[in-house]
$ cat query_26.txt   # compact mmCIF, C-alpha atoms and all ligand atoms
# COMPACT_ATOMS: atom_id res chain seq x y z
CA MET E 1 2.32 -1.95 0.17
CA THR E 2 0.09 -4.21 -1.91
CA ARG E 3 -3.48 -5.13 -1.04
CA THR E 4 -5.40 -8.05 -2.47
CA ILE E 5 -8.96 -9.08 -1.69
CA GLN E 6 -10.15 -12.65 -2.11
CA VAL E 7 -13.81 -13.59 -1.78
CA LEU E 8 -14.40 -17.23 -0.83
CA ALA E 9 -17.66 -19.16 -1.09
CA ASP E 10 -18.14 -19.58 2.65
CA LYS E 11 -16.30 -19.59 5.97
CA GLY E 12 -15.00 -23.11 5.42
CA ALA E 13 -13.42 -22.13 2.12
CA LEU E 14 -12.02 -18.98 3.73
CA VAL E 15 -10.38 -21.04 6.49
CA ALA E 16 -8.98 -23.53 3.97
CA GLN E 17 -7.47 -20.71 1.89
CA ALA E 18 -6.07 -19.04 4.98
CA ALA E 19 -4.40 -22.29 6.03
CA VAL E 20 -2.75 -22.62 2.61
CA LEU E 21 -1.57 -19.00 2.63
CA VAL E 22 -0.23 -19.09 6.19
CA CYS E 23 1.58 -22.42 5.83
CA ASP E 24 3.01 -21.48 2.43
CA ARG E 25 4.26 -18.18 3.85
CA ILE E 26 5.78 -19.88 6.90
CA ARG E 27 7.62 -22.37 4.65
CA HIS E 28 8.74 -19.59 2.29
CA THR E 29 9.99 -17.47 5.20
CA LEU E 30 11.92 -20.38 6.72
CA ALA E 31 13.52 -21.09 3.35
CA HIS E 32 15.13 -17.65 3.60
CA GLN E 33 15.71 -17.04 7.33
CA ASP E 34 16.21 -18.97 10.56
CA ARG E 35 12.90 -18.17 12.19
CA CYS E 36 9.38 -17.03 11.34
CA THR E 37 7.39 -14.69 13.57
CA LEU E 38 3.62 -15.05 13.51
CA ALA E 39 1.10 -12.98 15.51
CA LEU E 40 -2.31 -14.55 16.01
CA ALA E 41 -5.76 -13.00 15.95
CA GLY E 42 -8.36 -13.69 18.57
CA GLY E 43 -12.11 -13.93 18.28
CA SER E 44 -14.01 -16.86 16.78
CA THR E 45 -13.09 -16.89 13.08
CA PRO E 46 -9.49 -18.09 13.45
CA LYS E 47 -10.20 -21.13 15.64
CA PRO E 48 -10.79 -23.58 12.76
CA LEU E 49 -7.75 -22.12 11.03
CA TYR E 50 -5.60 -22.92 14.05
CA GLU E 51 -7.05 -26.43 14.14
CA ALA E 52 -6.13 -26.85 10.45
CA ILE E 53 -2.57 -25.55 10.91
CA ALA E 54 -2.07 -28.02 13.78
CA GLN E 55 -2.47 -30.82 11.22
CA GLN E 56 0.39 -29.51 9.08
CA ASP E 57 4.01 -30.63 9.12
CA LEU E 58 5.95 -27.45 9.82
CA SER E 59 9.35 -26.68 11.37
CA TRP E 60 7.74 -25.88 14.69
CA GLU E 61 11.08 -25.28 16.41
CA ARG E 62 11.69 -22.30 14.09
CA LEU E 63 8.24 -20.73 14.45
CA HIS E 64 7.60 -18.03 17.08
CA ILE E 65 4.04 -17.29 18.12
CA PHE E 66 2.74 -13.96 19.44
CA TRP E 67 -0.74 -12.48 19.79
CA GLY E 68 -1.88 -9.24 18.16
CA ASP E 69 -4.16 -8.59 21.10
CA GLU E 70 -5.41 -10.19 24.29
CA ARG E 71 -8.33 -9.76 26.59
CA TYR E 72 -7.22 -8.87 30.10
CA VAL E 73 -8.03 -12.29 31.56
CA PRO E 74 -5.98 -15.33 32.64
CA ALA E 75 -4.99 -17.83 29.94
CA ASP E 76 -7.46 -20.37 31.35
CA HIS E 77 -10.38 -17.93 31.03
CA PRO E 78 -12.88 -18.84 28.26
CA ASP E 79 -12.34 -15.40 26.67
CA SER E 80 -8.54 -15.79 26.43
CA ASN E 81 -7.12 -15.59 22.92
CA GLU E 82 -4.04 -17.41 24.20
CA GLY E 83 -6.18 -20.15 25.69
CA MET E 84 -8.12 -20.58 22.45
CA ALA E 85 -4.97 -20.90 20.30
CA ARG E 86 -3.32 -23.32 22.72
CA ALA E 87 -6.39 -25.56 22.84
CA ALA E 88 -6.96 -25.46 19.07
CA TRP E 89 -3.32 -25.72 17.97
CA LEU E 90 -0.30 -25.06 20.14
CA ASP E 91 -0.91 -27.83 22.67
CA HIS E 92 -1.03 -30.34 19.81
CA VAL E 93 2.29 -29.66 18.07
CA ALA E 94 5.96 -29.86 19.08
CA ILE E 95 6.52 -26.11 19.32
CA PRO E 96 9.04 -25.28 22.05
CA THR E 97 7.58 -23.51 25.07
CA GLU E 98 10.04 -20.68 24.67
CA ASN E 99 8.71 -20.04 21.15
CA ILE E 100 5.32 -19.03 22.49
CA HIS E 101 5.16 -15.39 23.62
CA PRO E 102 1.79 -14.63 25.23
CA MET E 103 0.75 -11.17 26.29
CA PRO E 104 0.98 -10.86 30.11
CA THR E 105 -2.42 -10.26 31.71
CA HIS E 106 -1.81 -11.16 35.33
CA SER E 107 -0.32 -8.21 37.20
CA GLY E 108 -3.61 -6.40 37.62
CA ASP E 109 -2.07 -3.36 35.94
CA PRO E 110 -2.75 -3.45 32.16
CA ALA E 111 -0.44 -0.51 31.48
CA ALA E 112 2.43 -2.21 33.28
CA ASP E 113 1.77 -5.48 31.44
CA ALA E 114 1.65 -3.62 28.13
CA ALA E 115 4.98 -1.96 28.92
CA GLN E 116 6.46 -5.33 29.87
CA HIS E 117 5.34 -6.96 26.64
CA ASN E 118 6.53 -3.96 24.67
CA GLN E 119 10.02 -4.54 26.09
CA GLU E 120 9.77 -8.29 25.46
CA ILE E 121 8.98 -7.61 21.80
CA LEU E 122 11.83 -5.11 21.44
CA ASP E 123 14.27 -7.49 23.13
CA PHE E 124 13.17 -10.38 20.92
CA PHE E 125 13.49 -8.53 17.63
CA GLN E 126 16.50 -6.36 18.51
CA ALA E 127 15.18 -3.84 15.99
CA PRO E 128 17.40 -0.80 15.33
CA ALA E 129 16.67 2.15 17.63
CA GLY E 130 13.64 4.10 16.48
CA GLU E 131 12.36 1.26 14.30
CA PHE E 132 9.37 -0.90 15.09
CA PRO E 133 9.89 -4.67 14.95
CA GLN E 134 8.82 -6.34 11.72
CA PHE E 135 6.64 -9.44 12.03
CA ASP E 136 6.70 -11.91 9.18
CA ILE E 137 2.98 -12.68 9.40
CA ILE E 138 0.17 -11.07 11.38
CA LEU E 139 -3.35 -12.51 11.39
CA LEU E 140 -6.17 -10.08 12.04
CA GLY E 141 -9.93 -10.21 12.27
CA MET E 142 -12.34 -7.32 11.98
CA GLY E 143 -15.24 -6.64 14.28
CA ASP E 144 -18.72 -5.65 13.14
CA ASP E 145 -17.74 -2.12 14.19
CA GLY E 146 -14.61 -2.11 12.05
CA HIS E 147 -12.15 -2.62 14.90
CA THR E 148 -9.13 -4.85 14.49
CA ALA E 149 -6.88 -6.38 17.13
CA SER E 150 -8.05 -4.38 20.15
CA LEU E 151 -8.02 -1.05 18.34
CA PHE E 152 -11.60 0.02 18.93
CA PRO E 153 -13.38 3.03 17.44
CA HIS E 154 -12.63 6.43 18.98
CA THR E 155 -10.22 5.06 21.58
CA GLU E 156 -6.84 6.46 22.63
CA ALA E 157 -5.08 3.31 21.42
CA LEU E 158 -5.63 4.43 17.82
CA GLN E 159 -3.35 7.41 18.34
CA VAL E 160 -0.47 5.59 20.06
CA CYS E 161 2.52 5.78 17.75
CA ASP E 162 5.55 5.77 20.08
CA ARG E 163 5.47 2.13 21.20
CA ALA E 164 4.63 -1.36 19.93
CA ILE E 165 2.14 -2.45 22.57
CA THR E 166 -0.56 -0.42 24.31
CA VAL E 167 -3.74 -0.83 26.30
CA GLY E 168 -6.91 -1.02 24.25
CA ASN E 169 -10.38 -0.37 25.57
CA LYS E 170 -13.52 -2.27 24.72
CA ASP E 171 -16.55 -0.76 26.49
CA GLY E 172 -14.38 0.10 29.47
CA GLN E 173 -12.68 -3.30 29.58
CA PRO E 174 -8.88 -3.18 29.15
CA ARG E 175 -7.13 -5.23 26.50
CA LEU E 176 -3.52 -5.42 25.34
CA THR E 177 -2.97 -4.72 21.67
CA PHE E 178 -0.42 -4.18 18.96
CA THR E 179 -0.36 -0.53 17.93
CA VAL E 180 -1.03 0.75 14.43
CA PRO E 181 2.65 1.42 13.66
CA LEU E 182 3.66 -2.07 14.80
CA LEU E 183 0.96 -3.66 12.67
CA ASN E 184 1.92 -1.53 9.69
CA ARG E 185 5.53 -2.74 9.77
CA ALA E 186 4.46 -6.30 9.01
CA HIS E 187 5.69 -8.15 5.94
CA LEU E 188 2.26 -9.74 5.59
CA ILE E 189 -1.09 -9.08 7.23
CA LEU E 190 -3.86 -11.59 6.56
CA PHE E 191 -7.36 -10.39 7.44
CA LEU E 192 -9.99 -13.06 8.05
CA VAL E 193 -13.52 -11.63 7.76
CA ALA E 194 -16.59 -13.84 7.61
CA GLY E 195 -20.32 -13.29 8.02
CA ALA E 196 -23.00 -10.86 6.90
CA SER E 197 -22.57 -8.79 10.04
CA LYS E 198 -19.28 -7.48 8.63
CA GLN E 199 -20.79 -5.97 5.47
CA THR E 200 -21.44 -2.47 6.79
CA ALA E 201 -18.01 -2.05 8.35
CA LEU E 202 -16.31 -3.48 5.25
CA GLY E 203 -18.07 -0.90 3.10
CA HIS E 204 -16.61 1.87 5.25
CA VAL E 205 -13.18 0.27 5.50
CA PHE E 206 -12.83 -0.10 1.70
CA ALA E 207 -14.44 3.26 0.86
CA PRO E 208 -11.99 5.72 -0.77
CA GLU E 209 -12.73 8.26 1.96
CA ASP E 210 -14.15 7.64 5.42
CA ASP E 211 -13.50 8.12 9.12
CA SER E 212 -10.60 5.93 10.22
CA ASN E 213 -11.28 6.72 13.87
CA HIS E 214 -14.73 5.26 13.41
CA TYR E 215 -13.49 2.31 11.37
CA PRO E 216 -10.01 1.53 12.70
CA SER E 217 -9.29 -1.28 10.21
CA ARG E 218 -8.83 1.57 7.69
CA LEU E 219 -5.61 2.41 9.50
CA ILE E 220 -3.95 -0.89 8.60
CA HIS E 221 -1.68 -0.67 5.56
CA PRO E 222 1.30 -2.96 6.16
CA ALA E 223 4.70 -2.17 4.65
CA GLY E 224 4.61 -5.46 2.78
CA GLU E 225 1.34 -7.04 1.78
CA ALA E 226 -2.25 -7.08 3.01
CA ILE E 227 -4.45 -9.96 1.96
CA TRP E 228 -8.11 -9.71 2.86
CA LEU E 229 -9.95 -13.03 2.90
CA LEU E 230 -13.69 -12.45 2.90
CA ASP E 231 -16.49 -14.94 2.60
CA LYS E 232 -19.41 -14.20 0.27
CA ALA E 233 -21.68 -13.35 3.16
CA ALA E 234 -19.32 -10.62 4.35
CA ALA E 235 -18.65 -9.27 0.86
CA GLU E 236 -22.30 -9.21 -0.26
CA GLY E 237 -23.22 -5.72 -1.46
CA VAL E 238 -19.82 -4.24 -0.57
CA ALA E 239 -18.07 -2.06 -3.16
CA LEU E 240 -14.70 -3.83 -3.22
CA PRO E 241 -11.76 -1.87 -4.63
CA GLY E 242 -10.73 -2.99 -8.12
CA ARG E 243 -13.91 -4.99 -8.62
CA PRO E 244 -16.87 -4.02 -10.85
C1 LIG E 301 -10.40 -10.28 19.70
C2 LIG E 301 -9.85 -10.11 18.31
C3 LIG E 301 -10.73 -9.18 17.55
C4 LIG E 301 -11.43 -10.06 16.53
C5 LIG E 301 -12.58 -9.38 15.89
C6 LIG E 301 -13.34 -10.34 14.96
O1 LIG E 301 -9.62 -10.37 20.66
O2 LIG E 301 -11.64 -10.41 19.77
O3 LIG E 301 -8.60 -9.94 18.18
O4 LIG E 301 -10.08 -8.13 16.91
O5 LIG E 301 -10.46 -10.43 15.53
O6 LIG E 301 -13.46 -8.94 16.92
O7 LIG E 301 -13.83 -11.41 15.74
P1 LIG E 301 -14.57 -12.65 15.04
O8 LIG E 301 -13.54 -13.40 14.27
O9 LIG E 301 -15.11 -13.44 16.21
O10 LIG E 301 -15.64 -12.06 14.16
$ encode --input "query_26.txt" --output "C-alpha cells" --more "lines below"
Ligand code: 6PG
Amino acid sequence: MTRTIQVLADKGALVAQAAVLVCDRIRHTLAHQDRCTLALAGGSTPKPLYEAIAQQDLSWERLHIFWGDERYVPADHPDSNEGMARAAWLDHVAIPTENIHPMPTHSGDPAADAAQHNQEILDFFQAPAGEFPQFDIILLGMGDDGHTASLFPHTEALQVCDRAITVGNKDGQPRLTFTVPLLNRAHLILFLVAGASKQTALGHVFAPEDDSNHYPSRLIHPAGEAIWLLDKAAAEGVALPGRP
C-alpha cells in the first residue's frame, strides 16, 4: 500500500485535482480491462467533483457506479447520496441504467437491505470464495469526527470483517456502508478533505499512534494506493507524514 498526501490551495483546486486524478484513473483502467468500478462518496465535498466529471468525455458504457455509503432514505430525499450524484452527474451523461448500482434503502429493514446489497456486490464481482471484491476506485470523505463512509466512531460497523456491506449508525440513524475490509481491498482510494473543521481529526488520523475506534479513517489502508487530497484550510497546523 502506498499513501500520498497532496495539499491544494483551496477547495476549488482540490476538486479540480480530484477530477484529473479520477478521470485519468478511469481512462487508465479502461485501457487495461473491460470495465471500471467506481464507488462514490456522499456528503457535500464531492458534489462539484461530480459536476466536473459530468463534463468529461469518458466511456460511460464501461463505467460502473456504486456508493460507499448511503443514508437510509429514498433516492429523492434531499439527504440521499444517490440523489445528489444523479442530479450532479449521472443524469447528465449516457451511462447505462444497469451500470448504476445504488444501495437499497426502501425495505424498511436496513439489515436486510445491507444483506441484499452485499449479495449484489458479490454477484457483480464474482470474487473468489473468501475474497472481498476489489474496486478500481473508491472516493471517500472524512467527517469532522474522523469517520469515513458511514463508519462512525465507536460503532459496531467498525468491527465487521466477514462481509462487504453492513449497517452503520450515525446518532441512532441507520446507514448502509462499505466495511473496512471491502474498502481496504481497493486498488485506489481517493480521500477528499476540505475545510478547517477537519484539522483536529486529520491530526489524529495521521498521528503515528492513536485510537482508530475514535478516528475510523485511521482504519483505511487500501491494498493499492491511498491519495489524500486536502485543502490548505484542512491541513493547517496538521503534522502531515513525510512533511517537515
Ligand atoms: C456521507 C458521507 C460521509 C462524508 C463525510 C464528509 O454519507 O455523509 O459518505 O462519510 O464523506 O461526512 O462530508 P463532507 O464532504 O460534507 O465534509
$ residues_near_ligand --input "query_26.txt" --ligand "ligand LIG 301 (chain E)" --cutoff "6 Å" --atoms "all atoms listed in the file" --output "PDB file with C-alpha atoms, in the frame of the given file"
ATOM      1  CA  ALA E  41      -5.760 -13.000  15.950  1.00  0.00           C
ATOM      2  CA  GLY E  42      -8.360 -13.690  18.570  1.00  0.00           C
ATOM      3  CA  GLY E  43     -12.110 -13.930  18.280  1.00  0.00           C
ATOM      4  CA  SER E  44     -14.010 -16.860  16.780  1.00  0.00           C
ATOM      5  CA  THR E  45     -13.090 -16.890  13.080  1.00  0.00           C
ATOM      6  CA  ASP E  69      -4.160  -8.590  21.100  1.00  0.00           C
ATOM      7  CA  GLU E  70      -5.410 -10.190  24.290  1.00  0.00           C
ATOM      8  CA  LEU E 140      -6.170 -10.080  12.040  1.00  0.00           C
ATOM      9  CA  GLY E 141      -9.930 -10.210  12.270  1.00  0.00           C
ATOM     10  CA  MET E 142     -12.340  -7.320  11.980  1.00  0.00           C
ATOM     11  CA  GLY E 143     -15.240  -6.640  14.280  1.00  0.00           C
ATOM     12  CA  THR E 148      -9.130  -4.850  14.490  1.00  0.00           C
ATOM     13  CA  ALA E 149      -6.880  -6.380  17.130  1.00  0.00           C
ATOM     14  CA  SER E 150      -8.050  -4.380  20.150  1.00  0.00           C
TER      15      SER E 150
END
$ closest_atom_pairs --input "query_26.txt" --of "segment 120-221 of chain E" --to "segment 4-28 of chain E" --cutoff "8 Å" --atoms "only C-alpha atoms" --output "Markdown table"
| residue | atom | partner | partner_atom | distance |
| --- | --- | --- | --- | --- |
| E:Ile137 | CA | E:Val22 | CA | 7.9 |
| E:Leu190 | CA | E:Ala18 | CA | 7.9 |
| E:Leu192 | CA | E:Leu14 | CA | 7.6 |
| E:Ala194 | CA | E:Lys11 | CA | 6.0 |
| E:Gly195 | CA | E:Lys11 | CA | 7.7 |
$ atom_distance --input "query_26.txt" --atom1 "atom CA of Thr105 of chain E" --atom2 "atom CA of Pro222 of chain E"
26.8 Å
$ residues_around --input "query_26.txt" --residues "segment 207-214 of chain E" --least-positions-apart "6" --cutoff "10 Å" --atoms "all atoms listed in the file" --output "list in words"
Asp145, Gly146, His147, Leu151, Phe152, Pro153, His154, Thr155, Glu156, Leu158, Gln159, Ala201, Ile220, Val238, Ala239, Leu240 and Pro241 of chain E
$ residues_around --input "query_26.txt" --residues "Pro78 of chain E" --least-positions-apart "5" --cutoff "12 Å" --atoms "only C-alpha atoms" --output "list of chain:residue names"
E:Gly42, E:Gly43, E:Ser44, E:Arg71, E:Tyr72, E:Val73, E:Gly83, E:Met84, E:Ala85, E:Arg86, E:Ala87
$ atom_distance --input "query_26.txt" --atom1 "atom CA of His187 of chain E" --atom2 "atom CA of Phe132 of chain E"
12.2 Å
$ closest_residue --input "query_26.txt" --among "E:Arg3, E:Lys198, E:Arg35, E:Lys170" --to "Phe135 of chain E" --atoms "all atoms listed in the file"
E:Arg35
$ closest_residue --input "query_26.txt" --among "E:Val205, E:Leu188, E:Ile121, E:Ala111" --to "Leu139 of chain E" --atoms "all atoms listed in the file"
E:Leu188
$ closest_residue --input "query_26.txt" --among "E:Asp162, E:Ile227, E:Ile65, E:Pro74" --to "Leu38 of chain E" --atoms "only C-alpha atoms"
E:Ile65
$ atom_distance --input "query_26.txt" --atom1 "atom CA of Trp67 of chain E" --atom2 "atom CA of His204 of chain E"
25.9 Å
